[in-house]
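Q: Just so it is clear, I am handing over protein30.tsv, which has TSV, C-alpha atoms.
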chain	number	residue	atom	x	y	z
A	1	MET	CA	67.55	22.70	115.51
A	2	THR	CA	64.16	21.52	116.78
A	3	VAL	CA	60.52	21.16	115.78
A	4	TYR	CA	58.33	22.14	118.71
A	5	GLY	CA	54.73	20.96	118.86
A	6	VAL	CA	53.11	23.75	120.86
A	7	GLY	CA	49.69	23.35	122.46
A	8	LEU	CA	47.82	26.65	122.41
A	9	GLY	CA	45.03	25.64	124.76
A	10	PRO	CA	41.31	25.76	123.93
A	11	GLY	CA	41.43	29.02	121.99
A	12	ASP	CA	41.82	31.87	124.48
A	13	ALA	CA	45.26	33.39	123.90
A	14	GLU	CA	45.62	34.03	127.65
A	15	LEU	CA	45.54	30.27	128.27
A	16	VAL	CA	48.76	29.63	126.34
A	17	THR	CA	51.37	28.40	128.82
A	18	VAL	CA	54.39	30.50	129.76
A	19	LYS	CA	56.67	27.95	128.08
A	20	GLY	CA	54.51	27.88	124.96
A	21	LYS	CA	54.68	31.66	124.73
A	22	ARG	CA	58.48	31.58	125.07
A	23	ILE	CA	58.87	28.94	122.37
A	24	LEU	CA	56.65	30.87	119.97
A	25	GLU	CA	58.52	34.12	120.52
A	26	ASN	CA	61.88	32.43	119.90
A	27	ALA	CA	60.88	30.29	116.89
A	28	GLU	CA	62.03	31.53	113.49
A	29	ILE	CA	58.99	30.09	111.74
A	30	VAL	CA	55.63	29.07	113.18
A	31	TYR	CA	53.41	26.69	111.21
A	32	SER	CA	49.66	26.66	111.71
A	33	PRO	CA	47.24	23.98	110.41
A	34	GLY	CA	44.19	26.26	110.49
A	35	ARG	CA	42.84	29.75	110.94
A	36	LEU	CA	41.83	29.36	114.62
A	37	SER	CA	45.26	28.22	115.77
A	38	ARG	CA	46.79	30.89	113.53
A	39	SER	CA	44.75	33.65	115.18
A	40	VAL	CA	45.94	32.58	118.65
A	41	ALA	CA	49.57	32.35	117.53
A	42	LEU	CA	49.38	35.86	116.06
A	43	GLU	CA	48.86	37.19	119.59
A	44	TYR	CA	52.51	36.31	120.21
A	45	VAL	CA	54.31	36.37	116.88
A	46	PRO	CA	54.29	38.68	113.84
A	47	GLU	CA	52.42	37.47	110.77
A	48	SER	CA	55.69	37.47	108.80
A	49	VAL	CA	56.93	34.35	110.63
A	50	VAL	CA	53.70	32.35	110.37
A	51	GLY	CA	53.51	29.70	107.68
A	52	ASP	CA	50.45	27.71	106.62
A	53	LEU	CA	50.35	24.02	105.78
A	54	GLU	CA	47.54	22.59	103.66
A	55	PHE	CA	45.73	19.54	104.98
A	56	PRO	CA	42.83	18.27	102.85
A	57	MET	CA	39.45	17.61	104.45
A	58	THR	CA	39.14	14.06	103.21
A	59	ARG	CA	39.07	10.47	104.45
A	60	ASP	CA	41.05	9.21	101.45
A	61	PRO	CA	44.10	7.57	103.10
A	62	GLU	CA	46.36	8.02	100.07
A	63	GLU	CA	45.55	11.73	99.78
A	64	LEU	CA	46.09	12.22	103.50
A	65	ARG	CA	49.43	10.38	103.51
A	66	SER	CA	50.62	12.44	100.57
A	67	ALA	CA	49.63	15.72	102.29
A	68	TRP	CA	51.37	14.77	105.54
A	69	LYS	CA	54.49	13.68	103.72
A	70	GLU	CA	54.68	17.00	101.89
A	71	ALA	CA	54.11	18.92	105.13
A	72	ALA	CA	56.81	16.92	106.91
A	73	GLU	CA	59.29	17.56	104.10
A	74	GLU	CA	58.75	21.31	104.33
A	75	VAL	CA	58.96	21.39	108.13
A	76	ALA	CA	62.05	19.15	108.21
A	77	ALA	CA	63.88	21.32	105.67
A	78	GLN	CA	63.29	24.40	107.82
A	79	ALA	CA	64.12	22.61	111.09
A	80	ARG	CA	67.58	21.61	109.84
A	81	GLU	CA	68.54	25.28	109.88
A	82	LYS	CA	66.31	26.91	112.53
A	83	ASP	CA	63.91	26.28	115.38
A	84	VAL	CA	60.39	25.65	114.12
A	85	ALA	CA	57.08	25.61	115.99
A	86	PHE	CA	53.95	23.79	114.88
A	87	VAL	CA	50.94	25.11	116.79
A	88	THR	CA	47.72	23.29	117.52
A	89	LEU	CA	44.67	24.04	119.63
A	90	GLY	CA	44.46	22.06	122.85
A	91	ASP	CA	47.34	19.71	123.62
A	92	PRO	CA	49.65	18.31	120.90
A	93	ASN	CA	49.23	14.73	122.13
A	94	VAL	CA	45.44	14.70	122.65
A	95	TYR	CA	43.46	14.15	119.43
A	96	SER	CA	45.72	16.64	117.72
A	97	THR	CA	46.80	17.44	114.18
A	98	PHE	CA	50.37	17.43	115.43
A	99	GLY	CA	50.30	13.66	115.96
A	100	HIS	CA	50.18	13.06	112.20
A	101	LEU	CA	53.13	15.38	111.61
A	102	ARG	CA	55.17	13.87	114.43
A	103	ARG	CA	54.70	10.30	113.17
A	104	THR	CA	55.58	11.31	109.61
A	105	LEU	CA	58.71	13.16	110.70
A	106	GLU	CA	59.81	10.18	112.80
A	107	ALA	CA	59.30	7.85	109.82
A	108	PHE	CA	60.89	9.90	107.04
A	109	HIS	CA	63.11	12.44	108.83
A	110	PRO	CA	64.46	10.74	111.97
A	111	ASP	CA	67.35	13.22	112.13
A	112	VAL	CA	64.97	16.06	113.10
A	113	ASP	CA	64.67	16.73	116.83
A	114	LEU	CA	61.13	16.92	118.21
A	115	GLU	CA	59.81	18.38	121.44
A	116	VAL	CA	56.23	18.64	122.66
A	117	VAL	CA	55.07	21.63	124.71
A	118	PRO	CA	51.83	20.65	126.48
A	119	GLY	CA	48.77	22.86	126.30
A	120	VAL	CA	45.49	23.15	128.19
A	121	SER	CA	43.17	20.63	126.59
A	122	ALA	CA	39.52	21.48	125.90
A	123	MET	CA	38.71	18.18	127.59
A	124	THR	CA	40.04	19.54	130.88
A	125	ALA	CA	39.02	23.16	130.41
A	126	PHE	CA	35.40	21.95	130.10
A	127	THR	CA	35.30	21.21	133.84
A	128	THR	CA	35.53	24.91	134.66
A	129	ALA	CA	33.14	26.04	131.94
A	130	LEU	CA	30.47	23.45	132.82
A	131	GLY	CA	31.00	23.61	136.58
A	132	VAL	CA	31.87	19.91	136.79
A	133	GLU	CA	34.11	18.61	139.56
A	134	VAL	CA	36.12	15.53	138.70
A	135	GLU	CA	36.84	14.43	142.24
A	136	SER	CA	39.60	12.12	143.44
A	137	GLY	CA	39.00	8.52	142.44
A	138	THR	CA	36.60	9.41	139.63
A	139	GLY	CA	36.63	7.36	136.44
A	140	LEU	CA	36.24	9.60	133.39
A	141	ALA	CA	36.15	8.30	129.81
A	142	LEU	CA	36.92	10.31	126.69
A	143	ARG	CA	34.82	9.49	123.64
A	144	GLU	CA	34.13	10.90	120.17
A	145	ALA	CA	30.50	11.67	119.25
A	146	ALA	CA	30.50	12.99	115.69
A	147	GLY	CA	27.38	12.62	113.56
A	148	GLY	CA	24.97	11.88	116.40
A	149	ALA	CA	27.02	9.09	117.96
A	150	ALA	CA	26.31	8.37	121.62
A	151	PRO	CA	28.77	5.90	123.18
A	152	THR	CA	27.61	4.41	126.47
A	153	GLY	CA	29.05	2.30	129.26
A	154	PRO	CA	31.20	4.46	131.58
A	155	ASP	CA	29.48	6.35	134.41
A	156	ARG	CA	31.06	9.65	133.38
A	157	MET	CA	32.14	10.67	129.89
A	158	VAL	CA	33.50	13.68	128.06
A	159	LEU	CA	32.32	13.61	124.46
A	160	PHE	CA	33.97	15.74	121.80
A	161	LYS	CA	33.15	16.57	118.17
A	162	VAL	CA	29.44	16.57	119.08
A	163	THR	CA	28.14	17.64	115.67
A	164	ASP	CA	24.51	16.51	116.13
A	165	ALA	CA	23.64	17.46	119.70
A	166	PRO	CA	19.89	16.62	119.58
A	167	THR	CA	20.51	13.07	118.35
A	168	THR	CA	23.36	12.45	120.79
A	169	HIS	CA	21.28	13.88	123.64
A	170	GLY	CA	18.28	11.71	122.81
A	171	LYS	CA	20.30	8.50	122.71
A	172	LEU	CA	22.18	9.25	125.94
A	173	THR	CA	19.04	10.30	127.81
A	174	GLU	CA	17.33	7.09	126.76
A	175	ALA	CA	20.37	5.17	128.01
A	176	GLY	CA	20.07	6.81	131.44
A	177	TYR	CA	22.50	9.74	131.34
A	178	ASP	CA	22.26	13.41	132.31
A	179	VAL	CA	23.92	15.50	129.59
A	180	ARG	CA	25.30	19.03	129.42
A	181	PHE	CA	26.85	20.72	126.42
A	182	GLY	CA	29.60	23.29	125.96
A	183	ARG	CA	30.35	24.97	122.64
A	184	ARG	CA	33.52	26.92	121.83
A	185	LEU	CA	34.59	26.91	125.47
A	186	PHE	CA	37.32	29.47	126.16
A	187	MET	CA	37.50	30.37	122.48
A	188	GLU	CA	37.76	33.94	121.26
A	189	GLN	CA	36.12	33.07	117.94
A	190	GLY	CA	32.39	32.44	117.85
A	191	GLU	CA	29.80	32.32	120.62
A	192	THR	CA	30.46	30.33	123.78
A	193	ILE	CA	27.39	28.36	124.87
A	194	VAL	CA	26.87	26.19	127.95
A	195	THR	CA	23.49	24.47	128.07
A	196	ASP	CA	21.57	21.29	128.86
A	197	ASP	CA	19.15	22.01	125.99
A	198	PRO	CA	20.41	20.40	122.76
A	199	GLU	CA	18.05	22.52	120.67
A	200	GLU	CA	20.14	25.59	121.55
A	201	ILE	CA	23.07	24.07	119.69
A	202	ASP	CA	21.33	22.09	116.98
A	203	GLU	CA	23.55	23.63	114.30
A	204	ARG	CA	26.63	21.57	113.49
A	205	ASP	CA	29.80	22.86	115.15
A	206	TYR	CA	32.97	20.80	115.43
A	207	TYR	CA	33.96	22.61	118.64
A	208	THR	CA	31.12	21.22	120.76
A	209	LEU	CA	31.70	19.08	123.85
A	210	ALA	CA	29.31	17.21	126.10
A	211	TYR	CA	29.54	15.88	129.64
A	212	ALA	CA	27.42	12.78	130.32
A	213	GLU	CA	26.90	11.36	133.79
A	214	ARG	CA	24.75	8.36	134.63
A	215	ASP	CA	21.48	9.25	136.38
A	216	GLY	CA	21.51	8.79	140.15
A	217	LEU	CA	25.27	8.31	140.36
A	218	GLU	CA	26.32	8.43	144.01
A	219	ARG	CA	29.21	10.70	144.92
A	220	ASP	CA	31.31	10.43	148.05
A	221	LEU	CA	32.89	13.86	148.39
A	222	ALA	CA	35.25	14.65	151.24
A	223	THR	CA	34.22	17.96	152.82
A	224	ALA	CA	35.10	20.18	155.76
A	225	GLU	CA	31.49	20.29	157.00
A	226	PHE	CA	30.65	19.72	160.67
A	227	ASP	CA	27.40	18.78	162.35
A	228	VAL	CA	25.94	22.14	163.36
A	229	ASP	CA	23.95	20.76	166.29
A	230	GLU	CA	26.90	18.87	167.71
A	231	GLY	CA	29.08	21.93	167.32
A	232	THR	CA	26.54	24.11	169.10
A	233	GLU	CA	26.24	21.68	172.03
A	234	ALA	CA	30.00	21.42	172.33
A	235	ASP	CA	30.31	25.21	172.37
A	236	ALA	CA	27.64	25.44	175.08
A	237	ASP	CA	29.43	22.89	177.27
A	238	THR	CA	32.71	24.74	176.85
A	239	ASP	CA	31.07	28.04	177.77
A	240	ALA	CA	29.48	26.48	180.87
A	241	GLU	CA	32.82	25.03	182.02
A	242	ALA	CA	34.45	28.42	181.52
A	243	GLU	CA	31.80	30.17	183.60
A	244	GLY	CA	32.12	27.56	186.36
A	245	SER	CA	35.88	27.99	186.59
A	246	ALA	CA	35.47	31.74	186.71
Would you write out, as structure tokens, the structure that this file holds?

A:
Amino acid sequence: MTVYGVGLGPGDAELVTVKGKRILENAEIVYSPGRLSRSVALEYVPESVVGDLEFPMTRDPEELRSAWKEAAEEVAAQAREKDVAFVTLGDPNVYSTFGHLRRTLEAFHPDVDLEVVPGVSAMTAFTTALGVEVESGTGLALREAAGGAAPTGPDRMVLFKVTDAPTTHGKLTEAGYDVRFGRRLFMEQGETIVTDDPEEIDERDYYTLAYAERDGLERDLATAEFDVDEGTEADADTDAEAEGSA
């Protein structure tokens, strides 16, 4: 039997992949690490098959290791008899809770088969919500910005966990960046906000992203545009030749 790490996407149940939906519907037990991922999973599975795992909100390494070991033991015991899914918002391999479980299972339960089912990451979904085009050849860095942090250096950055938007905005603006924010993008829980005003989202919210681009950054976009004047002259010459031949 197998443990599937299933990415649910940014929070909109309609953004779960076709494969993710199939895995959820066929799993005999579906574990959720939190209420938001649970609510998305419940769009596809009955509540009777959903199990919860407790993960403490702490930075104590010993307490965290103990919690992950207990979670892995429970999941491994189930997976030896049935297919199990562990759901997570976004993608299982991108800043995900699933990474802790996978590493613990590999260390203590190497006999358990693991498979990752990719999901739409909030870090890619933001491009649609914020109207940002990441064109071919673009360098884009992913950074964490909790507690007012404002990493600098790359020309373009996606910042996640922006829990103090005004402070982050102030530091990045001073460093020469244009900044836009997106909160709870494509999530069915809470209010979705897209803004360049940090005061609109001054309340702490873990599900806040920012896009920072260096001021005056030149872009070389390939387009299908033509010179209108040249096109008009060419059309006129063609018309004249056609009249002459007639």

Q: May I have the centre and edge lengths, in Å to one decimal, of an axis-aligned box around the listed atoms of region 68-74 of chain A with 3 Å added to every side, as JSON?

A:
{"center_x": 55.3, "center_y": 17.5, "center_z": 104.4, "size_x": 13.9, "size_y": 13.6, "size_z": 11.0}

Q: Show me, as a VMD selection string, the residues that have an atom within 10 Å of Lys82 (chain A) when counting all atoms listed in the file, minus same-chain residues fewer than 6 positions from it.

A: chain A and resid 1 to 3 27 to 29 76

Q: Measuring atom to atom with all atoms listed in the file, identify which of A:Tyr95, A:Tyr44, A:Phe186, A:Tyr31 is nearest to Ala125 (chain A).

A: A:Phe186

Q: What's the separation between CA of Ala129 (chain A) and CA of Phe160 (chain A), in Å to one decimal place?

A: 14.5 Å

Q: Which polymer residues have any atom within 8 Å of an atom of region 191-200 of chain A, counting only C-alpha atoms, with same-chain residues fewer than 2 positions away left out, as a list of chain:residue names?

A: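 Skipping anything fewer than 2 positions along the chain leaves A:Ala129, A:Leu130, A:Ala165, A:Pro166, A:His169, A:Val179, A:Arg180, A:Phe181, A:Gly182, A:Arg183, A:Arg184, A:Leu185, A:Phe186, A:Met187, A:Gln189, A:Asp202.
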
Q: Smallest atom-to-atom distance to Pro118 (chain A): which of A:Gly11, A:Gly99, A:Pro154, A:Gly20, using all atoms listed in the file?

A: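 Closest residue, counting all atoms listed in the file: A:Gly20.
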
Q: Can you tell me, as a ChimeraX atom specification, what residues are no more than 12 Å from Lys21 (chain A) when counting only C-alpha atoms, ignoring any on the same chain fewer than 3 positions away?

A: /A:4,6-9,13-18,24-27,30,40-45,85,87,117-119

Q: Determine, counting only C-alpha atoms, which protein, DNA and RNA residues have an atom within 12 Å of an atom of Asp155 (chain A); residues of the same chain fewer than 4 positions away are not included. Present the result as number ranges by chain.

A: A: 138-142, 151, 172, 175-179, 211-219

Q: Point out the residue among A:Gly34, A:Gly131, A:Gly5, A:Gly153 with the least atom-to-atom distance to Asp83 (chain A), counting all atoms listed in the file.

A: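 Looking at the shortest contact to Asp83 (chain A), the residue is A:Gly5.
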
Q: For region 55-65 of chain A, find every residue with an atom within 10 Å (counting only C-alpha atoms), except residues of its own chain fewer than 5 positions away, and show them as a PDB file with C-alpha atoms, in the frame of the given file.

A:
ATOM      1  CA  PRO A  33      47.240  23.980 110.410  1.00  0.00           C
ATOM      2  CA  GLY A  34      44.190  26.260 110.490  1.00  0.00           C
ATOM      3  CA  GLU A  70      54.680  17.000 101.890  1.00  0.00           C
ATOM      4  CA  ALA A  71      54.110  18.920 105.130  1.00  0.00           C
ATOM      5  CA  THR A  97      46.800  17.440 114.180  1.00  0.00           C
ATOM      6  CA  HIS A 100      50.180  13.060 112.200  1.00  0.00           C
ATOM      7  CA  THR A 104      55.580  11.310 109.610  1.00  0.00           C
TER       8      THR A 104
END

Q: Counting only C-alpha atoms, which of A:Val84, A:Arg143, A:Gly148, A:Val116 gets nearest to Phe98 (chain A)?

A: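 Closest to Phe98 (chain A), using only C-alpha atoms: A:Val116.
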
Q: Could you check how far CA of Leu101 (chain A) sits from CA of Ala72 (chain A), in Å to one decimal?

A: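 Taking CA of Leu101 (chain A) and CA of Ala72 (chain A), their separation equals 6.2 Å.
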
Q: Which of these residues is nearest to Arg80 (chain A), using only C-alpha atoms: A:Val120, A:Leu36, A:Val158, A:Val112?

A: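 Ranked by minimum distance to Arg80 (chain A), first place goes to A:Val112.
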
Q: So which one's closest to Thr124 (chain A), A:Glu54, A:Glu47, A:Asp91, A:Asp111? Using all atoms listed in the file, please.

A: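 When distances to Thr124 (chain A) are compared using all atoms listed in the file, the smallest one comes from A:Asp91.
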
Q: State, in Å with one decimal place, the distance from CA of Gly147 (chain A) to CA of Thr167 (chain A).

A: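 For CA of Gly147 (chain A) relative to CA of Thr167 (chain A), the distance reads 8.4 Å.
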
Q: Can you give me N, CA, C and O atoms for region 161-183 of chain A, written as a compact mmCIF listing (two decimals), in the frame of the given file?

A:
# COMPACT_ATOMS: atom_id res chain seq x y z
N LYS A 161 33.64 16.58 119.55
CA LYS A 161 33.15 16.57 118.17
C LYS A 161 31.65 16.23 118.14
O LYS A 161 31.20 15.43 117.33
N VAL A 162 30.88 16.84 119.03
CA VAL A 162 29.44 16.57 119.08
C VAL A 162 28.78 17.42 117.99
O VAL A 162 28.39 18.57 118.22
N THR A 163 28.64 16.86 116.82
CA THR A 163 28.14 17.64 115.67
C THR A 163 26.64 17.51 115.46
O THR A 163 26.08 18.22 114.62
N ASP A 164 25.98 16.62 116.19
CA ASP A 164 24.51 16.51 116.13
C ASP A 164 24.02 16.35 117.56
O ASP A 164 23.70 15.25 118.02
N ALA A 165 23.96 17.49 118.28
CA ALA A 165 23.64 17.46 119.70
C ALA A 165 22.27 16.86 120.01
O ALA A 165 22.14 16.06 120.94
N PRO A 166 21.20 17.21 119.26
CA PRO A 166 19.89 16.62 119.58
C PRO A 166 19.87 15.10 119.52
O PRO A 166 19.30 14.43 120.38
N THR A 167 20.50 14.53 118.49
CA THR A 167 20.51 13.07 118.35
C THR A 167 21.34 12.42 119.46
O THR A 167 20.92 11.44 120.09
N THR A 168 22.52 12.97 119.72
CA THR A 168 23.36 12.45 120.79
C THR A 168 22.65 12.54 122.13
O THR A 168 22.66 11.60 122.93
N HIS A 169 22.00 13.68 122.39
CA HIS A 169 21.28 13.88 123.64
C HIS A 169 20.16 12.86 123.80
O HIS A 169 19.98 12.26 124.87
N GLY A 170 19.38 12.65 122.74
CA GLY A 170 18.28 11.71 122.81
C GLY A 170 18.73 10.30 123.13
O GLY A 170 18.13 9.62 123.97
N LYS A 171 19.80 9.86 122.48
CA LYS A 171 20.30 8.50 122.71
C LYS A 171 20.85 8.35 124.13
O LYS A 171 20.62 7.32 124.79
N LEU A 172 21.59 9.35 124.60
CA LEU A 172 22.18 9.25 125.94
C LEU A 172 21.11 9.34 127.02
O LEU A 172 21.19 8.64 128.04
N THR A 173 20.12 10.19 126.84
CA THR A 173 19.04 10.30 127.81
C THR A 173 18.28 8.97 127.91
O THR A 173 17.96 8.51 129.01
N GLU A 174 18.02 8.38 126.78
CA GLU A 174 17.33 7.09 126.76
C GLU A 174 18.15 6.01 127.45
O GLU A 174 17.61 5.08 128.06
N ALA A 175 19.48 6.15 127.38
CA ALA A 175 20.37 5.17 128.01
C ALA A 175 20.60 5.46 129.48
O ALA A 175 21.33 4.72 130.16
N GLY A 176 19.98 6.54 130.01
CA GLY A 176 20.07 6.81 131.44
C GLY A 176 21.16 7.77 131.86
O GLY A 176 21.70 7.66 132.97
N TYR A 177 21.47 8.75 131.01
CA TYR A 177 22.50 9.74 131.34
C TYR A 177 21.90 11.15 131.44
O TYR A 177 20.94 11.48 130.72
N ASP A 178 22.47 11.96 132.33
CA ASP A 178 22.26 13.41 132.31
C ASP A 178 23.34 14.00 131.41
O ASP A 178 24.51 13.59 131.50
N VAL A 179 22.97 14.98 130.58
CA VAL A 179 23.92 15.50 129.59
C VAL A 179 23.93 17.02 129.62
O VAL A 179 22.87 17.66 129.68
N ARG A 180 25.11 17.59 129.58
CA ARG A 180 25.30 19.03 129.42
C ARG A 180 26.26 19.28 128.26
O ARG A 180 27.16 18.48 128.01
N PHE A 181 26.05 20.40 127.60
CA PHE A 181 26.85 20.72 126.42
C PHE A 181 27.64 22.01 126.62
O PHE A 181 27.19 22.93 127.31
N GLY A 182 28.80 22.07 125.99
CA GLY A 182 29.60 23.29 125.96
C GLY A 182 30.13 23.50 124.55
O GLY A 182 30.71 22.59 123.96
N ARG A 183 29.89 24.67 124.00
CA ARG A 183 30.35 24.97 122.64
C ARG A 183 31.35 26.11 122.66
O ARG A 183 31.14 27.14 123.28
